[in-house]
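Novice: You'll find final_36.cif just under this line, and it carries mmCIF, C-alpha atoms.
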```
data_target
#
loop_
_atom_site.label_atom_id
_atom_site.label_comp_id
_atom_site.auth_asym_id
_atom_site.auth_seq_id
_atom_site.Cartn_x
_atom_site.Cartn_y
_atom_site.Cartn_z
CA ARG A 1 -13.46 33.91 -60.75
CA LEU A 2 -9.93 34.37 -59.47
CA ALA A 3 -10.61 32.70 -56.10
CA ALA A 4 -11.95 29.57 -57.76
CA ARG A 5 -9.09 29.44 -60.24
CA LEU A 6 -6.41 29.75 -57.55
CA ALA A 7 -8.02 27.44 -54.98
CA PRO A 8 -6.31 24.17 -56.07
CA SER A 9 -2.87 25.80 -56.26
CA ILE A 10 -3.16 27.45 -52.84
CA ALA A 11 -4.39 24.20 -51.31
CA GLY A 12 -1.24 22.60 -52.71
CA TYR A 13 0.87 25.24 -50.99
CA TRP A 14 -0.74 24.38 -47.65
CA ALA A 15 -0.06 20.70 -48.29
CA ALA A 16 3.66 21.49 -48.34
CA THR A 17 3.51 22.56 -44.69
CA SER A 18 3.50 20.19 -41.74
CA ASP A 19 0.74 22.03 -39.90
CA GLY A 20 -1.64 23.28 -42.60
CA ALA A 21 -4.30 20.54 -42.75
CA TRP A 22 -6.61 22.35 -40.34
CA ILE A 23 -6.44 25.48 -42.50
CA VAL A 24 -7.62 23.60 -45.60
CA GLN A 25 -10.44 22.04 -43.56
CA ARG A 26 -11.46 25.45 -42.21
CA GLN A 27 -11.45 26.94 -45.70
CA ASN A 28 -13.57 24.13 -47.10
CA GLU A 29 -16.10 24.77 -44.33
CA SER A 30 -16.15 28.46 -45.25
CA TRP A 31 -16.73 27.67 -48.91
CA ARG A 32 -19.53 25.22 -48.10
CA ALA A 33 -21.20 27.84 -45.92
CA SER A 34 -20.97 30.50 -48.64
CA GLY A 35 -22.14 28.16 -51.39
CA GLY A 36 -19.01 28.11 -53.51
CA LEU A 37 -15.42 29.18 -54.05
CA ALA A 38 -16.14 32.90 -54.36
CA ALA A 39 -14.61 33.75 -50.96
CA ARG A 40 -10.88 34.38 -50.71
CA TRP A 41 -8.71 32.29 -48.42
CA ILE A 42 -9.30 33.19 -44.78
CA GLN A 43 -5.75 32.43 -43.69
CA PRO A 44 -2.81 34.34 -45.23
CA TRP A 45 -0.92 31.84 -47.41
CA SER A 46 2.38 33.55 -48.22
CA ALA A 47 4.41 31.31 -45.87
CA ALA A 48 2.71 28.24 -47.34
CA PHE A 49 3.80 29.40 -50.79
CA ILE A 50 7.42 29.74 -49.64
CA SER A 51 7.19 26.29 -48.05
CA TRP A 52 6.00 24.84 -51.36
CA VAL A 53 8.82 26.57 -53.25
CA MET A 54 11.40 25.11 -50.87
CA CYS A 55 9.85 21.67 -51.14
CA GLU A 56 10.04 21.90 -54.94
CA ALA A 57 13.68 23.00 -54.58
CA GLY A 58 14.47 19.75 -52.78
CA PHE A 59 14.58 21.03 -49.20
CA GLY A 60 12.18 18.41 -47.84
CA ASP A 61 14.10 17.76 -44.63
CA ALA A 62 13.04 20.06 -41.78
CA ARG A 63 16.68 20.28 -40.74
CA GLN A 64 17.31 22.04 -44.06
CA PHE A 65 14.22 24.22 -44.10
CA GLN A 66 11.42 24.25 -41.56
CA ARG A 67 8.33 24.51 -43.73
CA ALA A 68 5.46 26.08 -41.82
CA ILE A 69 2.30 28.16 -42.01
CA ALA A 70 4.12 31.23 -40.61
CA HIS A 71 7.29 32.91 -41.90
CA HIS A 72 8.76 33.51 -38.45
CA THR A 73 9.29 29.74 -38.04
CA TYR A 74 11.96 29.54 -40.72
CA ILE A 75 13.28 33.02 -39.98
CA ASP A 76 14.07 31.76 -36.47
CA GLN A 77 15.71 28.67 -37.96
CA ALA A 78 17.94 30.92 -40.08
CA ILE A 79 18.88 32.95 -37.00
CA ARG A 80 19.81 29.74 -35.18
CA ALA A 81 21.89 28.74 -38.21
CA ARG A 82 23.72 32.06 -38.06
CA ASP A 83 24.38 31.39 -34.37
CA GLY A 84 25.74 27.92 -35.11
CA GLN A 85 22.72 26.12 -33.64
CA ALA A 86 21.18 24.69 -36.84
CA PRO A 87 24.09 23.28 -38.86
CA GLY A 88 21.92 21.63 -41.51
CA ALA A 89 19.84 24.71 -42.35
CA VAL A 90 20.16 26.06 -45.89
CA PHE A 91 19.51 29.70 -44.89
CA SER A 92 21.34 31.94 -42.44
CA ALA A 93 20.02 35.30 -41.22
CA TYR A 94 21.85 38.59 -41.83
CA ASP A 95 20.98 42.23 -41.47
CA ILE A 96 20.08 44.03 -44.69
CA GLY A 97 23.27 45.22 -46.39
CA GLU A 98 25.51 42.80 -44.52
CA GLN A 99 25.78 40.31 -47.41
CA HIS A 100 25.50 40.44 -51.20
CA ILE A 101 21.94 39.74 -52.34
CA LEU A 102 21.79 36.88 -54.84
CA PRO A 103 19.02 34.88 -56.54
CA GLY A 104 17.71 32.21 -54.19
CA ASP A 105 18.08 34.38 -51.11
CA MET A 106 15.03 35.66 -49.25
CA LEU A 107 14.17 39.12 -47.95
CA CYS A 108 11.72 39.52 -45.08
CA LEU A 109 9.77 42.29 -43.39
CA ALA A 110 7.79 42.43 -40.16
CA ARG A 111 4.48 44.10 -39.40
CA ARG A 112 3.64 43.29 -35.79
CA PRO A 113 5.93 43.71 -34.05
CA ALA A 114 8.07 45.87 -36.32
CA TYR A 115 11.71 44.77 -36.48
CA ASP A 116 14.63 46.80 -37.80
CA ALA A 117 17.36 44.16 -37.54
CA VAL A 118 18.02 40.48 -36.84
CA GLU A 119 18.83 41.28 -33.22
CA ASP A 120 15.26 42.52 -32.70
CA ARG A 121 13.85 39.14 -33.70
CA ARG A 122 16.58 37.19 -31.89
CA ALA A 123 15.25 38.62 -28.62
CA GLN A 124 11.76 37.23 -29.42
CA MET A 125 12.51 33.92 -31.10
CA GLY A 126 9.71 31.40 -30.73
CA VAL A 127 7.10 34.11 -30.26
CA GLY A 128 4.49 34.63 -32.99
CA ALA A 129 5.01 37.59 -35.33
CA ARG A 130 3.35 38.86 -38.50
CA THR A 131 6.10 38.64 -41.09
CA HIS A 132 6.43 38.19 -44.85
CA CYS A 133 9.27 36.89 -47.03
CA ASP A 134 9.92 36.97 -50.78
CA VAL A 135 12.40 34.96 -52.85
CA VAL A 136 15.00 36.91 -54.81
CA VAL A 137 14.92 35.93 -58.49
CA ARG A 138 17.15 38.60 -60.04
CA VAL A 139 19.50 41.40 -59.01
CA ASP A 140 19.62 44.17 -61.60
CA GLU A 141 22.91 45.89 -60.83
CA ALA A 142 22.67 48.39 -63.68
CA ARG A 143 19.22 49.68 -62.71
CA GLU A 144 19.71 49.15 -58.97
CA LEU A 145 16.68 46.91 -58.56
CA VAL A 146 16.11 43.64 -56.72
CA LEU A 147 13.38 41.46 -58.22
CA THR A 148 11.53 39.15 -55.86
CA ILE A 149 8.57 36.79 -56.02
CA GLY A 150 6.18 36.19 -53.13
CA GLY A 151 2.81 34.68 -52.41
CA ASN A 152 -0.43 36.26 -51.22
CA VAL A 153 0.56 39.63 -52.66
CA ARG A 154 -2.86 41.17 -53.28
CA GLY A 155 -4.27 37.68 -53.36
CA THR A 156 -1.88 36.16 -55.88
CA VAL A 157 1.76 35.21 -56.56
CA ALA A 158 3.48 38.38 -57.73
CA LEU A 159 6.78 39.79 -58.91
CA LYS A 160 8.07 42.85 -57.05
CA LEU A 161 10.71 45.33 -58.17
CA LEU A 162 12.43 46.68 -55.06
CA PRO A 163 14.59 49.82 -55.30
CA ALA A 164 18.16 49.40 -54.11
CA GLU A 165 21.23 51.57 -53.70
CA ARG A 166 24.97 51.16 -53.69
CA ARG A 167 26.86 52.55 -50.73
CA GLU A 168 30.57 53.11 -51.01
CA GLY A 169 32.51 49.91 -50.52
CA LYS A 170 29.40 47.86 -49.75
CA PRO A 171 27.17 45.50 -51.76
CA LEU A 172 23.93 46.64 -53.41
CA ARG A 173 21.31 46.94 -50.68
CA LEU A 174 17.63 47.73 -50.49
CA ILE A 175 16.69 51.35 -49.91
CA ASP A 176 15.41 52.00 -46.41
CA ARG A 177 11.76 52.95 -46.92
CA SER A 178 10.79 53.22 -43.25
CA ALA A 179 10.38 57.00 -43.54
CA VAL A 180 7.86 56.64 -46.40
CA ALA A 181 4.24 56.71 -45.23
CA GLY A 182 2.68 53.28 -45.50
CA ALA A 183 5.90 51.60 -46.64
CA ARG A 184 7.74 48.83 -44.84
CA SER A 185 11.42 47.99 -44.97
CA MET A 186 12.92 44.52 -44.98
CA PHE A 187 14.65 43.68 -41.71
CA VAL A 188 16.42 40.40 -42.48
CA HIS A 189 18.26 38.85 -45.41
CA LEU A 190 18.10 35.05 -45.44
CA LYS A 191 21.23 33.94 -47.25
CA LEU A 192 21.04 30.66 -49.17
CA ALA A 193 23.97 28.32 -48.62
CA ALA A 194 24.31 27.16 -52.22
CA ASP A 195 26.32 27.85 -55.33
CA ALA A 196 25.16 30.92 -57.23
CA ILE A 197 23.02 30.32 -60.31
CA ALA A 198 23.60 31.99 -63.66
CA THR A 199 22.92 35.71 -63.53
CA ASN A 200 20.52 35.46 -66.49
CA ALA A 201 18.57 32.45 -65.18
CA PHE A 202 15.45 34.51 -64.51
CA ASP A 203 15.60 36.26 -67.89
CA ASP A 204 15.89 32.89 -69.63
CA SER A 205 13.03 31.27 -67.73
CA ALA A 206 10.01 30.02 -69.66
CA THR A 207 7.68 32.55 -68.01
CA ILE A 208 9.80 35.57 -68.90
CA ALA A 209 10.37 34.24 -72.39
CA ALA A 210 6.59 34.13 -72.83
CA LEU A 211 6.25 37.70 -71.57
CA ALA A 212 9.05 39.08 -73.72
CA CYS A 213 6.83 39.15 -76.79
CA ARG A 214 4.60 41.60 -74.91
CA GLY A 215 7.42 44.02 -74.24
CA PHE A 216 8.51 42.95 -70.74
CA ALA A 217 12.15 42.69 -71.71
CA GLN A 218 12.11 46.28 -72.99
CA MET A 219 10.20 47.69 -70.01
CA PRO A 220 11.38 51.27 -69.43
CA GLN A 221 12.78 52.29 -66.08
CA HIS A 222 9.92 54.63 -65.16
CA VAL A 223 7.51 51.73 -65.43
CA SER A 224 9.67 49.71 -63.03
CA ALA A 225 9.40 52.47 -60.41
CA VAL A 226 5.62 52.52 -60.69
CA THR A 227 5.52 48.74 -60.42
CA THR A 228 7.63 48.88 -57.27
CA ARG A 229 5.28 51.28 -55.55
CA ASN A 230 2.19 49.38 -56.61
CA ALA A 231 3.63 46.07 -55.39
CA SER A 232 4.41 47.31 -51.90
CA ALA A 233 1.07 46.17 -50.48
CA THR A 234 1.47 42.63 -49.24
CA THR A 235 -0.64 40.39 -47.07
CA GLY A 236 1.58 38.06 -45.07
#
```
Any chance you could give the structure as structure tokens?

Specialist:
Amino acid sequence: RLAARLAPSIAGYWAATSDGAWIVQRQNESWRASGGLAARWIQPWSAAFISWVMCEAGFGDARQFQRAIAHHTYIDQAIRARDGQAPGAVFSAYDIGEQHILPGDMLCLARRPAYDAVEDRRAQMGVGARTHCDVVVRVDEARELVLTIGGNVRGTVALKLLPAERREGKPLRLIDRSAVAGARSMFVHLKLAADAIATNAFDDSATIAALACRGFAQMPQHVSAVTTRNASATTG
């Protein structure tokens, strides 16, 4: 079963956080009570996945990236960095469309409360919020798509294809989907303070190379649009 297969990996994601031990203990108790690993994780693990990614990237110092069980913890750190209050942080917070989106950046949305811009969160820093962030892995300028990877997307780690648009004189930005029923728009762009990687790094990765033989590299544009809509459901 999928839950049993993913259990060790997700437990590893929690281990990358400083405050996740109680969650693993709680989950083990749930599994013992149900007689096995059939149950899905009780606690949303998308922030734990991001924490693990950043740990693997070498950002082990909390002054660089504050790994945590909730996304709003490091979103707040990025806002403080933008305000000059967290000089060692590797991400700074910007409104969507304010900066060029590049691989390594993160894009975040909010559910409760709903935020439209960084200023909305700045007024509530330190307060709990249901948020979700994905890591940008590729920006497809020609097809106006931003490809991201996030955790706990329908219970797994998933690739999303987000529609973008180019406004005159401004960088490629995500399309505002707030008017679409059931859709959510990103409210903050976490900009990575690092040199840009090669534009084809994602295409040349081992995973994509393995998928290419199944036609991924030649995926037609109409399939991308369907994938984008199907990937919009995320559990934070």

Novice: Would you work out the distance separating atom CA of A:Met106 from atom CA of A:Tyr94, expressed in Å to one decimal?

Specialist: 10.5 Å

Novice: Please report the interatomic distance between atom CA of A:Leu109 and atom CA of A:Val157 in Å with one decimal.

Specialist: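 Separation between atom CA of A:Leu109 and atom CA of A:Val157: 17.0 Å.
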
Novice: Can you pull out the residues contacting stretch 193-198 of chain A? Cut-off 12 Å, using all atoms listed in the file, and skip same-chain residues under 4 positions away; I want them as a VMD selection string.

Specialist: chain A and resid 57 59 64 to 65 78 81 to 82 87 to 93 100 to 106 136 to 139 202 to 205

Novice: Given the PyMOL selection byres ((chain A and resi 169-171) around 8) and the file above, list the residues it selects as a list of chain:residue names.

Specialist: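 Written out, the selection comes to A:Gly97, A:Glu98, A:Gln99, A:His100, A:Ile101, A:Arg166, A:Arg167, A:Glu168, A:Leu172, A:Arg173.
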
Novice: Go ahead and compute the interatomic distance for atom CA of A:Arg111 and atom CA of A:Asn152, in Å to one decimal.

Specialist: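 Those two atoms sit 15.0 Å apart.
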
Novice: Could you tell me which of A:Phe49, A:Tyr74, A:Trp31, A:Tyr115 comes closest to A:Asp95 if we count all atoms listed in the file?

Specialist: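 Residue with the minimum atom-to-atom distance to A:Asp95: A:Tyr115.
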
Novice: Written as a list in words, what is the full residue list that the PyMOL selection byres ((chain A and resi 125) around 12) yields on the file shown?

Specialist: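 So the PyMOL selection byres ((chain A and resi 125) around 12) ends up selecting His72, Thr73, Tyr74, Ile75, Asp76, Gln77, Ala78, Ile79, Arg80, Val118, Glu119, Asp120, Arg121, Arg122, Ala123, Gln124, Gly126, Val127, Gly128 and Ala129 of chain A.
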
Novice: Counting all atoms listed in the file, write as a ChimeraX atom specification all protein and nucleic acid residues lying at most 12 Å from (24.6, 51.0, -63.2) in the file's frame.

Specialist: /A:139-145,164-166,172

Novice: Selected by the PyMOL selection byres ((chain A and resi 9) around 12) in the shown coordinates: which residues, as a VMD selection string?

Specialist: chain A and resid 2 to 8 10 to 16 24 41 45 48 to 49 52 151 to 152 156 to 157

Novice: At a cut-off of 7 Å around the point (18.5, 43.9, -46.3) (file coordinates), what residues fall inside when counting all atoms listed in the file? I'd like the answer as a list in words.

Specialist: Asp95, Ile96, Gly97, Leu107, Arg173, Leu174, Met186, Phe187, Val188 and His189 of chain A

Novice: Counting only C-alpha atoms, figure out which residue out of A:Ser51, A:Ser185, A:Thr207, A:Thr131 gets nearest to A:Gly20.

Specialist: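 Of A:Ser51, A:Ser185, A:Thr207, A:Thr131, the one nearest A:Gly20 is A:Ser51, counting only C-alpha atoms.
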
Novice: Any chance you could work out the axis-aligned box around stretch 140-149 of chain A, listed atoms only, 4 Å on each side, giving centre and edge lengths in Å to one decimal, as JSON?

Specialist:
```
{"center_x": 15.7, "center_y": 43.2, "center_z": -59.8, "size_x": 22.3, "size_y": 20.9, "size_z": 15.8}
```
